[in-house]
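Novice: What follows is model.cif, made up of mmCIF, C-alpha atoms:
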```cif
data_entry
loop_
_atom_site.label_atom_id
_atom_site.label_comp_id
_atom_site.auth_asym_id
_atom_site.auth_seq_id
_atom_site.Cartn_x
_atom_site.Cartn_y
_atom_site.Cartn_z
CA MET A 1 0.00 0.00 0.00
CA GLU A 2 2.83 2.39 0.76
CA ALA A 3 4.23 1.95 -2.76
CA ARG A 4 0.82 2.87 -4.15
CA PHE A 5 -0.22 5.73 -1.85
CA GLY A 6 2.89 6.82 0.02
CA LYS A 7 2.50 7.87 3.65
CA ASP A 8 1.41 10.85 5.71
CA PHE A 9 -1.69 11.47 3.60
CA MET A 10 -5.11 12.58 4.78
CA LEU A 11 -7.51 9.61 4.74
CA PHE A 12 -11.25 9.28 4.32
CA VAL A 13 -12.74 5.77 4.57
CA GLY A 14 -16.39 5.03 3.96
CA VAL A 15 -19.24 4.69 1.53
CA LEU A 16 -19.34 7.62 -0.88
CA ARG A 17 -22.78 9.02 0.00
CA TYR A 18 -24.29 12.50 -0.29
CA TYR A 19 -24.04 13.27 3.44
CA LYS A 20 -20.34 12.43 3.78
CA GLY A 21 -19.26 15.95 2.76
CA LEU A 22 -16.73 14.69 0.25
CA GLU A 23 -17.33 17.56 -2.16
CA TYR A 24 -16.02 19.86 0.60
CA LEU A 25 -13.01 17.63 1.11
CA ILE A 26 -12.24 17.80 -2.60
CA ARG A 27 -12.59 21.59 -2.62
CA ALA A 28 -10.37 21.87 0.46
CA SER A 29 -7.70 19.70 -1.17
CA VAL A 30 -7.04 21.82 -4.25
CA GLY A 31 -3.40 22.92 -4.32
CA ARG A 32 -2.40 21.17 -1.10
CA PRO A 33 1.08 19.65 -0.79
CA TYR A 34 -0.23 16.37 0.66
CA ARG A 35 -2.31 13.57 -0.78
CA VAL A 36 -5.90 12.99 0.19
CA VAL A 37 -6.92 9.36 -0.15
CA ILE A 38 -10.65 8.67 -0.48
CA ALA A 39 -11.11 4.97 0.20
CA GLY A 40 -14.42 3.37 -0.61
CA LYS A 41 -17.08 3.32 -3.26
CA GLY A 42 -20.68 4.41 -3.45
CA PRO A 43 -23.38 6.27 -5.32
CA GLU A 44 -21.51 9.60 -5.37
CA GLN A 45 -18.24 8.20 -6.76
CA ALA A 46 -18.61 9.29 -10.41
CA LYS A 47 -19.85 12.76 -9.45
CA LEU A 48 -16.94 13.24 -7.02
CA LYS A 49 -14.36 12.16 -9.61
CA VAL A 50 -15.78 14.69 -12.08
CA LEU A 51 -15.61 17.43 -9.45
CA ALA A 52 -11.99 16.57 -8.62
CA ASP A 53 -11.09 16.71 -12.32
CA GLU A 54 -12.94 20.00 -12.87
CA LEU A 55 -11.22 21.64 -9.89
CA GLY A 56 -7.79 20.23 -10.71
CA ALA A 57 -7.62 18.52 -7.33
CA ASP A 58 -4.52 16.54 -8.28
CA SER A 59 -3.82 15.52 -4.69
CA ILE A 60 -7.02 13.42 -4.51
CA VAL A 61 -6.67 9.67 -4.95
CA PHE A 62 -9.78 7.47 -5.19
CA THR A 63 -9.11 3.86 -4.22
CA GLY A 64 -12.52 2.35 -4.85
CA TYR A 65 -13.47 -0.63 -2.69
CA ILE A 66 -10.84 -1.70 -0.16
CA SER A 67 -10.63 -4.81 1.99
CA ASP A 68 -10.27 -4.72 5.76
CA LEU A 69 -6.57 -5.52 5.41
CA GLU A 70 -6.11 -2.64 2.97
CA LYS A 71 -8.03 -0.33 5.30
CA ALA A 72 -5.74 -1.30 8.19
CA ALA A 73 -2.68 -0.59 6.05
CA LEU A 74 -4.03 2.81 5.00
CA MET A 75 -4.84 3.68 8.62
CA LYS A 76 -1.28 2.89 9.64
CA LEU A 77 0.20 4.95 6.80
CA CYS A 78 -1.95 8.09 7.00
CA ARG A 79 -1.21 11.32 8.86
CA ALA A 80 -4.84 11.90 9.89
CA VAL A 81 -8.37 10.60 9.39
CA VAL A 82 -10.71 13.12 7.78
CA PHE A 83 -14.44 12.63 8.25
CA PRO A 84 -16.21 15.62 6.67
CA SER A 85 -19.81 14.42 7.06
CA HIS A 86 -21.91 17.56 7.07
CA LEU A 87 -25.46 16.34 7.66
CA ARG A 88 -27.14 14.70 10.65
CA SER A 89 -27.65 11.60 8.51
CA GLU A 90 -24.22 10.66 9.91
CA ALA A 91 -25.07 9.37 13.36
CA PHE A 92 -21.73 8.19 14.70
CA GLY A 93 -18.89 7.47 12.33
CA VAL A 94 -17.24 4.12 13.03
CA THR A 95 -14.29 5.31 10.94
CA LEU A 96 -13.57 7.88 13.65
CA ILE A 97 -13.27 5.14 16.26
CA GLU A 98 -11.00 3.20 13.92
CA GLY A 99 -8.84 6.31 13.59
CA LEU A 100 -8.57 6.53 17.38
CA MET A 101 -7.73 2.83 17.55
CA TYR A 102 -4.82 3.40 15.17
CA GLY A 103 -3.65 6.47 17.09
CA LYS A 104 -4.45 8.96 14.32
CA PRO A 105 -5.68 12.52 14.82
CA LEU A 106 -9.18 13.15 13.53
CA ILE A 107 -10.91 15.90 11.61
CA SER A 108 -14.70 15.88 11.80
CA CYS A 109 -17.61 18.32 11.62
CA GLU A 110 -19.91 19.52 14.38
CA ILE A 111 -23.26 18.18 13.21
CA GLY A 112 -24.96 17.54 16.55
CA THR A 113 -24.47 13.77 16.52
CA GLY A 114 -22.04 11.32 18.09
CA THR A 115 -19.15 12.33 15.86
CA SER A 116 -18.14 15.17 18.19
CA TYR A 117 -18.27 12.83 21.16
CA VAL A 118 -15.80 10.50 19.49
CA ASN A 119 -13.49 13.33 18.39
CA ALA A 120 -12.72 15.65 21.32
CA ASP A 121 -11.91 19.01 19.71
CA GLY A 122 -8.39 20.19 20.42
CA GLU A 123 -7.50 16.93 22.15
CA THR A 124 -7.88 14.11 19.62
CA GLY A 125 -8.15 16.32 16.56
CA HIS A 126 -10.19 19.16 15.11
CA VAL A 127 -13.96 19.54 15.10
CA ILE A 128 -14.89 22.10 12.45
CA LEU A 129 -17.94 23.78 11.00
CA PRO A 130 -19.77 21.55 8.50
CA ALA A 131 -19.82 22.21 4.75
CA ASN A 132 -16.86 24.56 5.06
CA PRO A 133 -13.91 23.84 2.73
CA ASP A 134 -11.85 26.67 4.26
CA ALA A 135 -12.17 25.27 7.78
CA LEU A 136 -11.41 21.79 6.49
CA ARG A 137 -8.32 23.01 4.63
CA GLU A 138 -7.11 24.87 7.72
CA ALA A 139 -7.51 21.76 9.91
CA MET A 140 -5.69 19.53 7.41
CA ASP A 141 -2.93 22.10 6.95
CA ASP A 142 -2.50 22.35 10.72
CA LEU A 143 -1.94 18.61 11.08
CA TRP A 144 0.29 18.56 8.00
CA ASN A 145 2.43 21.52 9.10
CA ASP A 146 2.77 20.40 12.72
CA PRO A 147 3.59 16.68 12.78
CA VAL A 148 4.35 16.86 16.52
CA LYS A 149 0.82 18.12 17.22
CA ALA A 150 -0.59 15.45 14.92
CA GLU A 151 1.34 12.77 16.81
CA GLN A 152 0.22 14.11 20.21
CA MET A 153 -3.41 14.24 19.13
CA GLY A 154 -3.10 10.71 17.77
CA GLN A 155 -1.69 9.49 21.09
CA ALA A 156 -4.52 11.23 22.96
CA GLY A 157 -6.93 9.57 20.55
CA ARG A 158 -5.53 6.13 21.31
CA LEU A 159 -5.98 6.79 25.03
CA ARG A 160 -9.57 7.93 24.41
CA TYR A 161 -10.20 4.75 22.44
CA GLU A 162 -8.83 2.61 25.27
CA SER A 163 -10.87 4.41 27.93
CA LEU A 164 -14.20 4.57 26.05
CA PHE A 165 -14.44 2.52 22.89
CA THR A 166 -12.94 -0.94 23.31
CA GLY A 167 -15.45 -3.76 23.08
CA GLU A 168 -15.17 -4.36 26.82
CA ARG A 169 -15.73 -0.67 27.70
CA MET A 170 -18.68 -0.30 25.37
CA ALA A 171 -20.33 -3.51 26.66
CA ALA A 172 -19.95 -2.28 30.25
CA ALA A 173 -21.45 1.10 29.34
CA TYR A 174 -24.44 -0.57 27.65
CA GLN A 175 -24.97 -2.87 30.62
CA LYS A 176 -24.92 0.12 32.97
CA LEU A 177 -27.41 1.98 30.79
CA TYR A 178 -29.78 -1.00 30.56
CA THR A 179 -29.64 -1.51 34.32
CA GLN A 180 -30.36 2.18 34.93
CA VAL A 181 -33.38 2.12 32.58
CA LEU A 182 -34.74 -1.03 34.22
CA GLU A 183 -34.31 0.47 37.69
CA GLU A 184 -36.07 3.71 36.65
CA ARG A 185 -39.02 1.67 35.38
CA GLY A 186 -39.11 -0.54 38.46
CA LEU A 187 -38.24 -3.64 36.46
CA ALA A 188 -34.83 -4.44 37.96
CA THR A 189 -34.54 -7.76 39.73
#
```
Just give me the structure of the file as structure tokens.
Specialist:
Amino acid sequence: MEARFGKDFMLFVGVLRYYKGLEYLIRASVGRPYRVVIAGKGPEQAKLKVLADELGADSIVFTGYISDLEKAALMKLCRAVVFPSHLRSEAFGVTLIEGLMYGKPLISCEIGTGTSYVNADGETGHVILPANPDALREAMDDLWNDPVKAEQMGQAGRLRYESLFTGERMAAAYQKLYTQVLEERGLAT
């Protein structure tokens, strides 16, 4: 994968859908000195490729479908995980948790869903305004121009993953929630 994509690129992984904000990522990527790898396929793929060509976004690389092994390799090689979803149709963003798991800083949008819970602004990455190519460009540039900050945010992200998002932690949180709901309804045994 490194021979094909290099390293220290910005990475998006997911299905290419209308609410993923990928048109803003493409606009933000024009003229940048780093690659932006868009991994995945979906109904917006052809439209996004046309937009990248029209804008001369030469730094954009579309991978199409990738396997789990390829995704793991890309996660290890990237500088940061970019998740520009701009609509509330994006409830959570599993890719963000995967970014934390791999110790990568995150860039996501404040859309009033779980994405901003996963990505703690200023700690594990940047949470930016949605549908804003300038803010997205600024966040990517920051992590590109300050690799020490990117590394520190990635380390903080890994710690956040370990404290909140491992299978064991999430199961315990769900069990606690279920018990609380049952107790509130007088159904606990």
Novice: Given the PyMOL selection byres ((chain A and resi 114-118) around 10) and the file above, list the residues it selects as a ChimeraX atom specification.
Specialist: /A:83,85,88,90-97,100,106-113,119-121,124,126-128,157,160-161,164-165
Novice: With C-alpha atoms retained, write the just-selected residues as a PDB file, in the frame of the given file.
Specialist:
```pdb
ATOM      1  CA  PHE A  83     -14.440  12.630   8.250  1.00  0.00           C
ATOM      2  CA  SER A  85     -19.810  14.420   7.060  1.00  0.00           C
ATOM      3  CA  ARG A  88     -27.140  14.700  10.650  1.00  0.00           C
ATOM      4  CA  GLU A  90     -24.220  10.660   9.910  1.00  0.00           C
ATOM      5  CA  ALA A  91     -25.070   9.370  13.360  1.00  0.00           C
ATOM      6  CA  PHE A  92     -21.730   8.190  14.700  1.00  0.00           C
ATOM      7  CA  GLY A  93     -18.890   7.470  12.330  1.00  0.00           C
ATOM      8  CA  VAL A  94     -17.240   4.120  13.030  1.00  0.00           C
ATOM      9  CA  THR A  95     -14.290   5.310  10.940  1.00  0.00           C
ATOM     10  CA  LEU A  96     -13.570   7.880  13.650  1.00  0.00           C
ATOM     11  CA  ILE A  97     -13.270   5.140  16.260  1.00  0.00           C
ATOM     12  CA  LEU A 100      -8.570   6.530  17.380  1.00  0.00           C
ATOM     13  CA  LEU A 106      -9.180  13.150  13.530  1.00  0.00           C
ATOM     14  CA  ILE A 107     -10.910  15.900  11.610  1.00  0.00           C
ATOM     15  CA  SER A 108     -14.700  15.880  11.800  1.00  0.00           C
ATOM     16  CA  CYS A 109     -17.610  18.320  11.620  1.00  0.00           C
ATOM     17  CA  GLU A 110     -19.910  19.520  14.380  1.00  0.00           C
ATOM     18  CA  ILE A 111     -23.260  18.180  13.210  1.00  0.00           C
ATOM     19  CA  GLY A 112     -24.960  17.540  16.550  1.00  0.00           C
ATOM     20  CA  THR A 113     -24.470  13.770  16.520  1.00  0.00           C
ATOM     21  CA  ASN A 119     -13.490  13.330  18.390  1.00  0.00           C
ATOM     22  CA  ALA A 120     -12.720  15.650  21.320  1.00  0.00           C
ATOM     23  CA  ASP A 121     -11.910  19.010  19.710  1.00  0.00           C
ATOM     24  CA  THR A 124      -7.880  14.110  19.620  1.00  0.00           C
ATOM     25  CA  HIS A 126     -10.190  19.160  15.110  1.00  0.00           C
ATOM     26  CA  VAL A 127     -13.960  19.540  15.100  1.00  0.00           C
ATOM     27  CA  ILE A 128     -14.890  22.100  12.450  1.00  0.00           C
ATOM     28  CA  GLY A 157      -6.930   9.570  20.550  1.00  0.00           C
ATOM     29  CA  ARG A 160      -9.570   7.930  24.410  1.00  0.00           C
ATOM     30  CA  TYR A 161     -10.200   4.750  22.440  1.00  0.00           C
ATOM     31  CA  LEU A 164     -14.200   4.570  26.050  1.00  0.00           C
ATOM     32  CA  PHE A 165     -14.440   2.520  22.890  1.00  0.00           C
TER      33      PHE A 165
END
```
Novice: Report as a list in words the residues that result from applying the PyMOL selection byres ((chain A and resi 147) around 12) to the structure here.
Specialist: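 Applied to this file, the PyMOL selection byres ((chain A and resi 147) around 12) returns Asp8, Phe9, Cys78, Arg79, Ala80, Lys104, Pro105, Met140, Asp141, Asp142, Leu143, Trp144, Asn145, Asp146, Val148, Lys149, Ala150, Glu151, Gln152, Met153 and Gly154 of chain A.
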Novice: What does the structure give for the distance between atom CA of Lys20 of chain A and atom CA of Glu168 of chain A, in Å to one decimal?
Specialist: 29.0 Å
Novice: On this structure, which residues satisfy the PyMOL selection byres ((chain A and resi 52) around 12), written as a ChimeraX atom specification?
Specialist: /A:22-31,36,38,45-51,53-62
Novice: Mind giving me the straight-line distance from atom CA of Glu98 of chain A to atom CA of Glu162 of chain A in Å, one decimal?
Specialist: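 Result for atom CA of Glu98 of chain A versus atom CA of Glu162 of chain A: 11.6 Å, one decimal.
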Novice: Measuring between only C-alpha atoms, which one of A:Lys76, A:Pro33, A:Asp68, A:Gly42 shows the shortest distance to Lys7 of chain A?
Specialist: A:Lys76
Novice: Rounded to one decimal, what separation in Å do you get between atom CA of Pro43 of chain A and atom CA of Leu16 of chain A?
Specialist: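 Atom-to-atom, atom CA of Pro43 of chain A and atom CA of Leu16 of chain A are spaced 6.2 Å apart.
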